[in-house]
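Raw contents of structure.txt, compact mmCIF, C-alpha atoms:
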```txt
# COMPACT_ATOMS: atom_id res chain seq x y z
CA MET A 288 133.77 144.64 97.05
CA LEU A 289 132.79 141.56 95.05
CA ILE A 290 132.34 138.16 96.69
CA LYS A 291 131.25 134.86 95.13
CA VAL A 292 129.51 132.18 97.14
CA PHE A 293 127.84 129.04 95.90
CA GLY A 294 124.38 127.53 96.21
CA SER A 295 122.31 125.09 94.21
CA ALA A 296 119.03 125.02 92.30
CA VAL A 297 116.99 121.81 92.12
CA PHE A 298 114.94 121.03 89.02
CA GLY A 299 113.10 117.74 89.46
CA ILE A 300 115.74 115.28 90.63
CA GLU A 301 118.69 117.19 89.20
CA ALA A 302 120.64 120.04 90.81
CA THR A 303 122.51 122.89 89.15
CA THR A 304 125.20 124.87 90.94
CA ILE A 305 124.36 128.55 91.33
CA THR A 306 127.02 131.22 91.74
CA VAL A 307 125.80 133.98 94.03
CA GLU A 308 127.74 137.14 93.20
CA VAL A 309 127.46 139.89 95.82
CA HIS A 310 128.81 143.37 95.02
CA ILE A 311 128.68 146.22 97.52
CA ASP A 312 129.43 149.77 96.36
CA GLY A 313 128.80 153.38 97.25
CA GLY A 314 125.21 154.58 97.25
CA VAL A 315 121.99 153.08 98.53
CA GLY A 316 119.86 150.30 97.06
CA TYR A 317 119.24 146.58 96.90
CA HIS A 318 119.18 144.91 93.50
CA LEU A 319 118.61 141.17 93.14
CA VAL A 320 118.89 139.81 89.59
CA GLY A 321 119.16 136.42 87.88
CA LEU A 322 115.48 135.38 87.53
CA PRO A 323 114.60 135.12 91.26
CA ASP A 324 111.01 134.35 92.25
CA ASN A 325 109.07 136.30 94.90
CA ALA A 326 110.32 134.11 97.77
CA ILE A 327 113.92 135.04 96.89
CA LYS A 328 113.06 138.70 96.37
CA GLU A 329 111.62 138.77 99.90
CA SER A 330 114.84 137.30 101.30
CA SER A 331 116.28 140.75 102.10
CA TYR A 332 113.75 141.20 104.92
CA ARG A 333 114.51 137.82 106.46
CA ILE A 334 118.25 138.32 106.08
CA ALA A 335 118.21 141.85 107.57
CA ALA A 336 116.34 140.67 110.66
CA ALA A 337 118.48 137.54 111.05
CA LEU A 338 121.71 139.56 110.87
CA LYS A 339 120.50 142.18 113.34
CA ASN A 340 119.36 139.52 115.80
CA ASN A 341 122.84 137.98 115.67
CA SER A 342 124.76 141.25 116.18
CA TYR A 343 125.55 141.91 112.51
CA LYS A 344 124.40 144.66 110.15
CA PHE A 345 122.60 144.72 106.84
CA PRO A 346 124.79 147.24 104.94
CA GLY A 347 123.13 150.56 104.17
CA ARG A 348 124.90 150.76 100.83
CA LYS A 349 124.26 149.75 97.23
CA ILE A 350 124.02 145.96 97.14
CA THR A 351 123.83 144.11 93.84
CA ILE A 352 123.29 140.35 93.90
CA ASN A 353 123.38 138.20 90.79
CA LEU A 354 122.26 134.56 90.76
CA ALA A 355 124.20 132.99 87.91
CA PRO A 356 123.51 131.51 85.42
CA ALA A 357 121.01 134.31 85.00
CA ASN A 358 118.89 132.45 82.43
CA LEU A 359 117.71 129.79 84.92
CA ARG A 360 114.64 130.44 87.06
CA LYS A 361 115.50 130.40 90.81
CA GLU A 362 112.72 129.46 93.22
CA GLY A 363 112.16 129.18 96.96
CA SER A 364 113.57 130.55 100.17
CA ALA A 365 116.55 128.18 100.40
CA TYR A 366 118.94 130.88 99.11
CA ASP A 367 118.61 132.99 102.29
CA LEU A 368 121.69 131.56 103.99
CA VAL A 369 124.07 131.74 101.04
CA ILE A 370 123.00 135.31 100.21
CA ALA A 371 123.43 136.35 103.85
CA ILE A 372 126.95 134.88 103.98
CA GLY A 373 127.79 136.68 100.72
CA ILE A 374 126.58 140.00 102.12
CA LEU A 375 128.60 139.58 105.32
CA ALA A 376 131.76 138.68 103.39
CA ALA A 377 131.34 141.49 100.84
CA SER A 378 130.81 144.06 103.59
CA ASN A 379 133.92 142.90 105.48
CA GLN A 380 131.97 141.75 108.53
CA MET A 381 133.68 138.37 108.33
CA SER A 382 137.37 137.47 108.50
CA LEU A 383 137.34 134.29 106.45
CA GLN A 384 139.56 131.35 107.34
CA GLU A 385 137.75 128.85 105.12
CA GLU A 386 137.55 129.23 101.34
CA LEU A 387 133.98 130.05 100.29
CA SER A 388 134.63 128.35 96.96
CA ASP A 389 134.99 124.99 98.77
CA TYR A 390 131.36 124.84 99.91
CA ILE A 391 127.79 124.78 98.70
CA ILE A 392 125.65 126.68 101.23
CA MET A 393 121.86 126.44 101.38
CA GLY A 394 119.15 127.12 103.96
CA GLU A 395 116.10 129.23 104.74
CA LEU A 396 116.48 131.80 107.51
CA SER A 397 114.03 132.64 110.25
CA LEU A 398 114.08 136.19 111.61
CA ASP A 399 116.17 135.08 114.60
CA GLY A 400 118.79 133.43 112.37
CA THR A 401 117.53 129.87 112.77
CA VAL A 402 118.23 127.77 109.66
CA GLN A 403 115.11 126.02 108.38
CA CYS A 404 114.72 122.78 106.39
CA ILE A 405 114.98 122.86 102.59
CA ASN A 406 113.98 120.55 99.73
CA GLY A 407 116.38 118.63 97.50
CA ALA A 408 119.32 118.05 99.84
CA LEU A 409 120.25 114.74 98.18
CA PRO A 410 120.53 116.01 94.57
CA ILE A 411 122.39 119.07 95.89
CA ALA A 412 124.92 116.78 97.60
CA ILE A 413 125.27 114.57 94.52
CA LYS A 414 126.00 117.58 92.32
CA ALA A 415 128.45 119.04 94.83
CA LYS A 416 130.36 115.75 94.88
CA GLU A 417 130.39 115.58 91.07
CA GLU A 418 131.81 119.10 90.79
CA GLY A 419 134.53 118.55 93.36
CA TYR A 420 133.33 120.69 96.25
CA LYS A 421 134.86 119.92 99.63
CA GLY A 422 131.53 119.98 101.40
CA ILE A 423 128.05 121.42 101.79
CA ILE A 424 126.51 123.44 104.61
CA ILE A 425 122.79 122.79 104.99
CA PRO A 426 120.07 122.76 107.67
CA LYS A 427 120.39 120.23 110.48
CA GLU A 428 117.13 118.57 109.41
CA ASN A 429 118.63 117.72 106.00
CA GLU A 430 122.04 116.44 107.06
CA LYS A 431 121.24 112.69 107.07
CA GLU A 432 119.67 112.86 103.61
CA ALA A 433 122.73 114.58 102.15
CA ALA A 434 125.20 112.41 104.07
CA ILE A 435 124.16 109.39 101.99
CA VAL A 436 126.63 110.73 99.40
CA GLU A 437 130.06 109.38 100.30
CA GLY A 438 133.24 111.41 99.84
CA LEU A 439 131.58 114.73 100.67
CA GLU A 440 131.71 116.59 103.99
CA VAL A 441 128.15 117.39 105.08
CA TYR A 442 127.69 119.97 107.81
CA GLY A 443 124.28 120.38 109.40
CA VAL A 444 123.64 123.76 111.07
CA SER A 445 120.85 125.16 113.22
CA ASN A 446 121.75 128.86 113.18
CA ILE A 447 123.55 131.29 110.89
CA LYS A 448 126.03 132.06 113.71
CA GLU A 449 127.33 128.49 113.51
CA VAL A 450 128.12 129.02 109.81
CA ILE A 451 129.83 132.35 110.44
CA ASP A 452 131.97 130.97 113.27
CA PHE A 453 132.96 127.96 111.16
CA LEU A 454 133.99 130.07 108.16
CA GLU A 455 135.94 132.42 110.44
CA GLY A 456 137.70 129.54 112.18
CA LYS A 457 136.13 130.41 115.54
CA GLY A 458 133.93 127.34 115.80
CA GLU A 459 134.01 123.74 114.67
CA LEU A 460 131.42 121.88 112.65
CA VAL A 461 131.67 118.09 112.62
CA PRO A 462 130.84 116.33 109.32
CA VAL A 463 127.91 113.95 109.54
CA GLU A 464 128.74 110.24 109.53
CA LEU A 465 125.93 107.79 108.97
CA ASP A 466 125.77 104.34 110.56
CA PHE A 467 123.97 102.54 107.73
CA ALA A 468 123.72 99.25 109.65
CA LYS A 469 121.95 100.98 112.52
CA MET A 470 119.69 102.91 110.16
CA PHE A 471 118.53 99.78 108.34
CA SER A 472 118.06 97.99 111.66
CA GLU A 473 115.85 100.80 112.98
CA GLU A 474 113.95 100.89 109.70
CA SER A 475 113.20 97.17 109.86
CA GLU A 476 111.95 97.50 113.45
CA HIS A 477 109.48 100.23 112.55
CA HIS A 478 108.45 99.21 109.05
CA LEU A 479 104.88 98.44 110.12
CA GLU A 480 104.36 102.12 110.98
CA ILE A 481 104.56 103.02 107.26
CA ASP A 482 101.47 102.41 105.15
CA PHE A 483 100.35 103.49 101.68
CA LYS A 484 97.06 104.66 103.18
CA ASP A 485 98.98 107.58 104.70
CA VAL A 486 100.14 108.81 101.28
CA LYS A 487 97.87 111.39 99.68
CA GLY A 488 97.78 111.51 95.88
CA GLN A 489 100.46 109.86 93.73
CA GLU A 490 97.93 107.22 92.68
CA SER A 491 99.78 106.13 89.54
CA ILE A 492 103.03 105.65 91.44
CA LYS A 493 101.32 103.67 94.22
CA ARG A 494 99.59 101.50 91.62
CA ALA A 495 102.89 100.77 89.88
CA MET A 496 104.51 99.79 93.18
CA GLU A 497 101.58 97.53 94.09
CA ILE A 498 101.88 95.76 90.73
CA ALA A 499 105.64 95.40 91.18
CA ALA A 500 105.14 93.95 94.67
CA ALA A 501 102.50 91.51 93.39
CA VAL A 502 104.80 90.33 90.58
CA LEU A 503 107.64 89.86 93.07
CA ILE A 504 105.41 87.77 95.34
CA LEU A 505 104.36 85.57 92.39
CA ILE A 506 107.98 85.03 91.41
CA LEU A 507 108.96 84.12 94.98
CA ASN A 508 106.03 81.67 95.27
CA GLU A 509 106.97 80.00 91.99
CA ASN A 510 110.56 79.60 93.13
CA GLU A 511 109.41 78.01 96.41
CA HIS A 512 107.33 75.37 94.54
CA ARG A 513 110.09 74.37 92.13
```
Here is a file; write its structure as structure tokens.
Amino acid sequence: MLIKVFGSAVFGIEATTITVEVHIDGGVGYHLVGLPDNAIKESSYRIAAALKNNSYKFPGRKITINLAPANLRKEGSAYDLVIAIGILAASNQMSLQEELSDYIIMGELSLDGTVQCINGALPIAIKAKEEGYKGIIIPKENEKEAAIVEGLEVYGVSNIKEVIDFLEGKGELVPVELDFAKMFSEESEHHLEIDFKDVKGQESIKRAMEIAAAVLILILNENEHR
């Protein structure tokens, strides 16, 4: 059986939607293609343990997974969750109530099925909104970053079982809603806790910001004396 699920690859500050095609057939084997790096190639071990520890099975059949477009290099462990969902759907271990084509799904899996933080949640959300996806399913730690994008349902999850239950209609995930006024108020209260001295590297960027701040102060002083 062939199933298509959707993830995203981040290159710099831009994201590209990745179609994860999972095909399960007779025989034995696990074939992952589409220019995956070592972290993605190792995903089968994390996924197998996560499924077993949540009362599901890693199919003992021939599994072929293609990360399309195949000419783009895919990096990192953030594809664990979307590949796992594809395997469950293709092996008929899920009775889907939600359309997989409506969502971008990303997250790293621990061996117990816990969903770990990923990089690039904001560009992933921006791209998902541009391409008309209903929502994205990402780690709980990333939900506020992605929820900055309006008009997109952002679901933060802590465990793969939450995703499975949601897609099967057995559990509810509530889209994240940000209170921007509260966020900015909290930020202003704690702004003194943030200091450039805590930032390692990025010297050219820090220098540019210092110059920009100095110019702004000069402009404000000039305006006050006019």
> With all atoms listed in the file as the basis for distance, which of A:Tyr317, A:Phe293, A:Tyr442, A:Tyr366 is at the shortest distance from A:Gly347?
Replying inline: A:Tyr317
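Using all atoms listed in the file for every distance, the candidate list A:Leu507, A:Ala434, A:Ala337, A:Val309 yields A:Ala434 as the residue closest to A:Pro410.
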>> as JSON, numbers by chain, please: the residues near A:His318 (cut-off 9 Å, all atoms listed in the file, same-chain neighbours under 2 positions excluded).
In response: {"A": [316, 320, 349, 350, 351, 352, 353]}
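Relative to atom CA of A:Ala408, atom CA of A:Val307 is found at 18.2 Å.
Coordinates place atom CA of A:Gly443 at a distance of 10.8 Å from atom CA of A:Gln403.
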>> Taking 4 positions as the minimum chain separation for residues in the same chain, which residues sit within 9 Å of A:Leu368 when counting only C-alpha atoms? Answer as a PyMOL selection string.
In response: chain A and resi 334+372-373+392-396+402+425+447
>> Given only C-alpha atoms as the basis, pick out the residue of A:Val297, A:Val436, A:Ile374, A:Val463 nearest to A:Glu417.
In response: A:Val436
> If we count all atoms listed in the file, what is near A:Gly321 at a cut-off of 8 Å, once residues fewer than 3 positions away on the same chain are taken out, given as a PyMOL selection string?
Replying inline: chain A and resi 353-361
>> Please list as a list in words every residue within 8 Å of A:Asn341, counting all atoms listed in the file and excluding residues in the same chain fewer than 2 positions away.
In response: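 The residues satisfying every condition are Ala337, Leu338, Lys339, Tyr343, Asp399, Gly400 and Lys448 of chain A.
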Give me the residues near A:Gly407 as a short mmCIF file (atom, residue, chain, number, x, y, z; two decimals) with C-alpha atoms, keeping the file's coordinate frame, where near means some atom within 12 Å (using all atoms listed in the file) and where sequence neighbours in that chain fewer than 2 positions away do not count.
```cif
data_model
loop_
_atom_site.label_atom_id
_atom_site.label_comp_id
_atom_site.auth_asym_id
_atom_site.auth_seq_id
_atom_site.Cartn_x
_atom_site.Cartn_y
_atom_site.Cartn_z
CA SER A 295 122.31 125.09 94.21
CA ALA A 296 119.03 125.02 92.30
CA VAL A 297 116.99 121.81 92.12
CA PHE A 298 114.94 121.03 89.02
CA GLY A 299 113.10 117.74 89.46
CA ILE A 300 115.74 115.28 90.63
CA GLU A 301 118.69 117.19 89.20
CA ALA A 302 120.64 120.04 90.81
CA THR A 303 122.51 122.89 89.15
CA GLY A 363 112.16 129.18 96.96
CA ALA A 365 116.55 128.18 100.40
CA MET A 393 121.86 126.44 101.38
CA GLY A 394 119.15 127.12 103.96
CA CYS A 404 114.72 122.78 106.39
CA ILE A 405 114.98 122.86 102.59
CA LEU A 409 120.25 114.74 98.18
CA PRO A 410 120.53 116.01 94.57
CA ILE A 411 122.39 119.07 95.89
CA ALA A 412 124.92 116.78 97.60
CA ILE A 413 125.27 114.57 94.52
CA LYS A 414 126.00 117.58 92.32
CA ILE A 425 122.79 122.79 104.99
CA PRO A 426 120.07 122.76 107.67
CA GLU A 428 117.13 118.57 109.41
CA ASN A 429 118.63 117.72 106.00
CA GLU A 430 122.04 116.44 107.06
CA GLU A 432 119.67 112.86 103.61
CA ALA A 433 122.73 114.58 102.15
#
```
> Which residue, A:Gln380, A:Ser445, A:Ser397, A:Asn406, has the smallest gap to A:Ser342 when you use only C-alpha atoms?
Replying inline: A:Gln380
> In terms of the shortest atom-to-atom distance over all atoms listed in the file, which of A:Asn508, A:Ala376, A:Glu386, A:Asp367 is closest to A:Ile327?
Replying inline: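 Result for the nearest residue to A:Ile327: A:Asp367.
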> When distances are computed from only C-alpha atoms, which of A:Asn325, A:Asn446, A:Thr306, A:Gln489 shows the smallest separation from A:Leu398?
Replying inline: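 Ranking A:Asn325, A:Asn446, A:Thr306, A:Gln489 by distance to A:Leu398, first place goes to A:Asn446.
In this model, the gap between atom CA of A:Phe453 and atom CA of A:Ile423 comes to 12.4 Å.
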Stretch 367-373 of chain A, all listed atoms, 4 Å padding on each side: what axis-aligned box centre and edge lengths in Å to one decimal come out, as JSON?
```
{"center_x": 123.2, "center_y": 134.1, "center_z": 102.1, "size_x": 17.2, "size_y": 13.1, "size_z": 11.8}
```
Export stretch 345-382 of chain A from the structure block above, keeping N, CA and C atoms, as a PDB file, in the first residue's frame.
```
ATOM      1  N   PHE A 345       6.487  -2.216  14.020  1.00  0.00           N
ATOM      2  CA  PHE A 345       7.246  -1.842  12.834  1.00  0.00           C
ATOM      3  C   PHE A 345       7.110  -3.016  11.864  1.00  0.00           C
ATOM      4  N   PRO A 346       6.464  -2.820  10.708  1.00  0.00           N
ATOM      5  CA  PRO A 346       6.130  -3.947   9.825  1.00  0.00           C
ATOM      6  C   PRO A 346       7.359  -4.754   9.392  1.00  0.00           C
ATOM      7  N   GLY A 347       7.261  -6.052   9.502  1.00  0.00           N
ATOM      8  CA  GLY A 347       8.336  -6.923   9.030  1.00  0.00           C
ATOM      9  C   GLY A 347       8.155  -7.264   7.569  1.00  0.00           C
ATOM     10  N   ARG A 348       8.013  -6.248   6.755  1.00  0.00           N
ATOM     11  CA  ARG A 348       7.800  -6.425   5.317  1.00  0.00           C
ATOM     12  C   ARG A 348       8.746  -5.501   4.554  1.00  0.00           C
ATOM     13  N   LYS A 349       8.613  -5.454   3.251  1.00  0.00           N
ATOM     14  CA  LYS A 349       9.469  -4.586   2.444  1.00  0.00           C
ATOM     15  C   LYS A 349       8.906  -3.165   2.488  1.00  0.00           C
ATOM     16  N   ILE A 350       9.678  -2.266   3.067  1.00  0.00           N
ATOM     17  CA  ILE A 350       9.258  -0.874   3.208  1.00  0.00           C
ATOM     18  C   ILE A 350      10.160   0.002   2.351  1.00  0.00           C
ATOM     19  N   THR A 351       9.567   0.742   1.447  1.00  0.00           N
ATOM     20  CA  THR A 351      10.303   1.700   0.625  1.00  0.00           C
ATOM     21  C   THR A 351       9.791   3.103   0.926  1.00  0.00           C
ATOM     22  N   ILE A 352      10.704   3.985   1.287  1.00  0.00           N
ATOM     23  CA  ILE A 352      10.337   5.365   1.628  1.00  0.00           C
ATOM     24  C   ILE A 352      11.112   6.315   0.736  1.00  0.00           C
ATOM     25  N   ASN A 353      10.393   7.183   0.062  1.00  0.00           N
ATOM     26  CA  ASN A 353      11.016   8.173  -0.815  1.00  0.00           C
ATOM     27  C   ASN A 353      10.716   9.573  -0.301  1.00  0.00           C
ATOM     28  N   LEU A 354      11.773  10.370  -0.138  1.00  0.00           N
ATOM     29  CA  LEU A 354      11.631  11.764   0.278  1.00  0.00           C
ATOM     30  C   LEU A 354      11.744  12.638  -0.964  1.00  0.00           C
ATOM     31  N   ALA A 355      10.612  13.108  -1.437  1.00  0.00           N
ATOM     32  CA  ALA A 355      10.570  13.858  -2.688  1.00  0.00           C
ATOM     33  C   ALA A 355      10.404  15.364  -2.424  1.00  0.00           C
ATOM     34  N   PRO A 356      11.050  16.226  -3.236  1.00  0.00           N
ATOM     35  CA  PRO A 356      11.847  15.902  -4.424  1.00  0.00           C
ATOM     36  C   PRO A 356      13.178  15.242  -4.066  1.00  0.00           C
ATOM     37  N   ALA A 357      13.520  14.231  -4.831  1.00  0.00           N
ATOM     38  CA  ALA A 357      14.673  13.391  -4.509  1.00  0.00           C
ATOM     39  C   ALA A 357      16.012  14.075  -4.747  1.00  0.00           C
ATOM     40  N   ASN A 358      16.005  15.216  -5.442  1.00  0.00           N
ATOM     41  CA  ASN A 358      17.279  15.883  -5.742  1.00  0.00           C
ATOM     42  C   ASN A 358      17.701  16.888  -4.672  1.00  0.00           C
ATOM     43  N   LEU A 359      16.883  17.042  -3.618  1.00  0.00           N
ATOM     44  CA  LEU A 359      17.235  17.948  -2.517  1.00  0.00           C
ATOM     45  C   LEU A 359      17.780  17.146  -1.344  1.00  0.00           C
ATOM     46  N   ARG A 360      18.887  17.608  -0.776  1.00  0.00           N
ATOM     47  CA  ARG A 360      19.485  16.955   0.376  1.00  0.00           C
ATOM     48  C   ARG A 360      18.593  17.137   1.605  1.00  0.00           C
ATOM     49  N   LYS A 361      18.253  16.046   2.288  1.00  0.00           N
ATOM     50  CA  LYS A 361      17.439  16.097   3.515  1.00  0.00           C
ATOM     51  C   LYS A 361      18.351  15.842   4.705  1.00  0.00           C
ATOM     52  N   GLU A 362      18.237  16.672   5.734  1.00  0.00           N
ATOM     53  CA  GLU A 362      19.137  16.574   6.880  1.00  0.00           C
ATOM     54  C   GLU A 362      18.374  16.605   8.192  1.00  0.00           C
ATOM     55  N   GLY A 363      18.919  15.924   9.199  1.00  0.00           N
ATOM     56  CA  GLY A 363      18.401  16.004  10.554  1.00  0.00           C
ATOM     57  C   GLY A 363      17.408  14.916  10.911  1.00  0.00           C
ATOM     58  N   SER A 364      17.053  14.906  12.185  1.00  0.00           N
ATOM     59  CA  SER A 364      16.180  13.869  12.733  1.00  0.00           C
ATOM     60  C   SER A 364      14.713  14.296  12.803  1.00  0.00           C
ATOM     61  N   ALA A 365      14.391  15.461  12.264  1.00  0.00           N
ATOM     62  CA  ALA A 365      13.033  15.992  12.387  1.00  0.00           C
ATOM     63  C   ALA A 365      12.007  15.247  11.528  1.00  0.00           C
ATOM     64  N   TYR A 366      12.459  14.319  10.688  1.00  0.00           N
ATOM     65  CA  TYR A 366      11.548  13.554   9.827  1.00  0.00           C
ATOM     66  C   TYR A 366      11.017  12.297  10.508  1.00  0.00           C
ATOM     67  N   ASP A 367      11.482  12.010  11.725  1.00  0.00           N
ATOM     68  CA  ASP A 367      11.063  10.785  12.421  1.00  0.00           C
ATOM     69  C   ASP A 367       9.553  10.654  12.493  1.00  0.00           C
ATOM     70  N   LEU A 368       8.892  11.710  12.943  1.00  0.00           N
ATOM     71  CA  LEU A 368       7.448  11.646  13.200  1.00  0.00           C
ATOM     72  C   LEU A 368       6.648  11.439  11.919  1.00  0.00           C
ATOM     73  N   VAL A 369       6.977  12.171  10.872  1.00  0.00           N
ATOM     74  CA  VAL A 369       6.208  12.050   9.635  1.00  0.00           C
ATOM     75  C   VAL A 369       6.432  10.687   8.980  1.00  0.00           C
ATOM     76  N   ILE A 370       7.649  10.155   9.065  1.00  0.00           N
ATOM     77  CA  ILE A 370       7.914   8.821   8.525  1.00  0.00           C
ATOM     78  C   ILE A 370       7.156   7.763   9.327  1.00  0.00           C
ATOM     79  N   ALA A 371       7.155   7.905  10.655  1.00  0.00           N
ATOM     80  CA  ALA A 371       6.440   6.948  11.502  1.00  0.00           C
ATOM     81  C   ALA A 371       4.947   6.930  11.191  1.00  0.00           C
ATOM     82  N   ILE A 372       4.358   8.112  11.013  1.00  0.00           N
ATOM     83  CA  ILE A 372       2.927   8.185  10.683  1.00  0.00           C
ATOM     84  C   ILE A 372       2.673   7.546   9.317  1.00  0.00           C
ATOM     85  N   GLY A 373       3.567   7.771   8.373  1.00  0.00           N
ATOM     86  CA  GLY A 373       3.430   7.157   7.054  1.00  0.00           C
ATOM     87  C   GLY A 373       3.480   5.643   7.123  1.00  0.00           C
ATOM     88  N   ILE A 374       4.381   5.111   7.939  1.00  0.00           N
ATOM     89  CA  ILE A 374       4.505   3.658   8.081  1.00  0.00           C
ATOM     90  C   ILE A 374       3.239   3.074   8.719  1.00  0.00           C
ATOM     91  N   LEU A 375       2.730   3.726   9.751  1.00  0.00           N
ATOM     92  CA  LEU A 375       1.504   3.240  10.395  1.00  0.00           C
ATOM     93  C   LEU A 375       0.322   3.249   9.429  1.00  0.00           C
ATOM     94  N   ALA A 376       0.191   4.316   8.649  1.00  0.00           N
ATOM     95  CA  ALA A 376      -0.922   4.418   7.708  1.00  0.00           C
ATOM     96  C   ALA A 376      -0.791   3.396   6.580  1.00  0.00           C
ATOM     97  N   ALA A 377       0.439   3.235   6.062  1.00  0.00           N
ATOM     98  CA  ALA A 377       0.647   2.300   4.950  1.00  0.00           C
ATOM     99  C   ALA A 377       0.488   0.852   5.377  1.00  0.00           C
ATOM    100  N   SER A 378       0.693   0.555   6.644  1.00  0.00           N
ATOM    101  CA  SER A 378       0.553  -0.815   7.140  1.00  0.00           C
ATOM    102  C   SER A 378      -0.819  -1.059   7.771  1.00  0.00           C
ATOM    103  N   ASN A 379      -1.744  -0.142   7.545  1.00  0.00           N
ATOM    104  CA  ASN A 379      -3.129  -0.258   8.013  1.00  0.00           C
ATOM    105  C   ASN A 379      -3.245  -0.404   9.530  1.00  0.00           C
ATOM    106  N   GLN A 380      -2.336   0.230  10.259  1.00  0.00           N
ATOM    107  CA  GLN A 380      -2.439   0.235  11.720  1.00  0.00           C
ATOM    108  C   GLN A 380      -3.191   1.456  12.225  1.00  0.00           C
ATOM    109  N   MET A 381      -3.616   2.304  11.281  1.00  0.00           N
ATOM    110  CA  MET A 381      -4.387   3.489  11.627  1.00  0.00           C
ATOM    111  C   MET A 381      -5.655   3.533  10.790  1.00  0.00           C
ATOM    112  N   SER A 382      -6.764   3.922  11.408  1.00  0.00           N
ATOM    113  CA  SER A 382      -8.008   4.162  10.672  1.00  0.00           C
ATOM    114  C   SER A 382      -8.208   5.673  10.624  1.00  0.00           C
TER     115      SER A 382
END
```
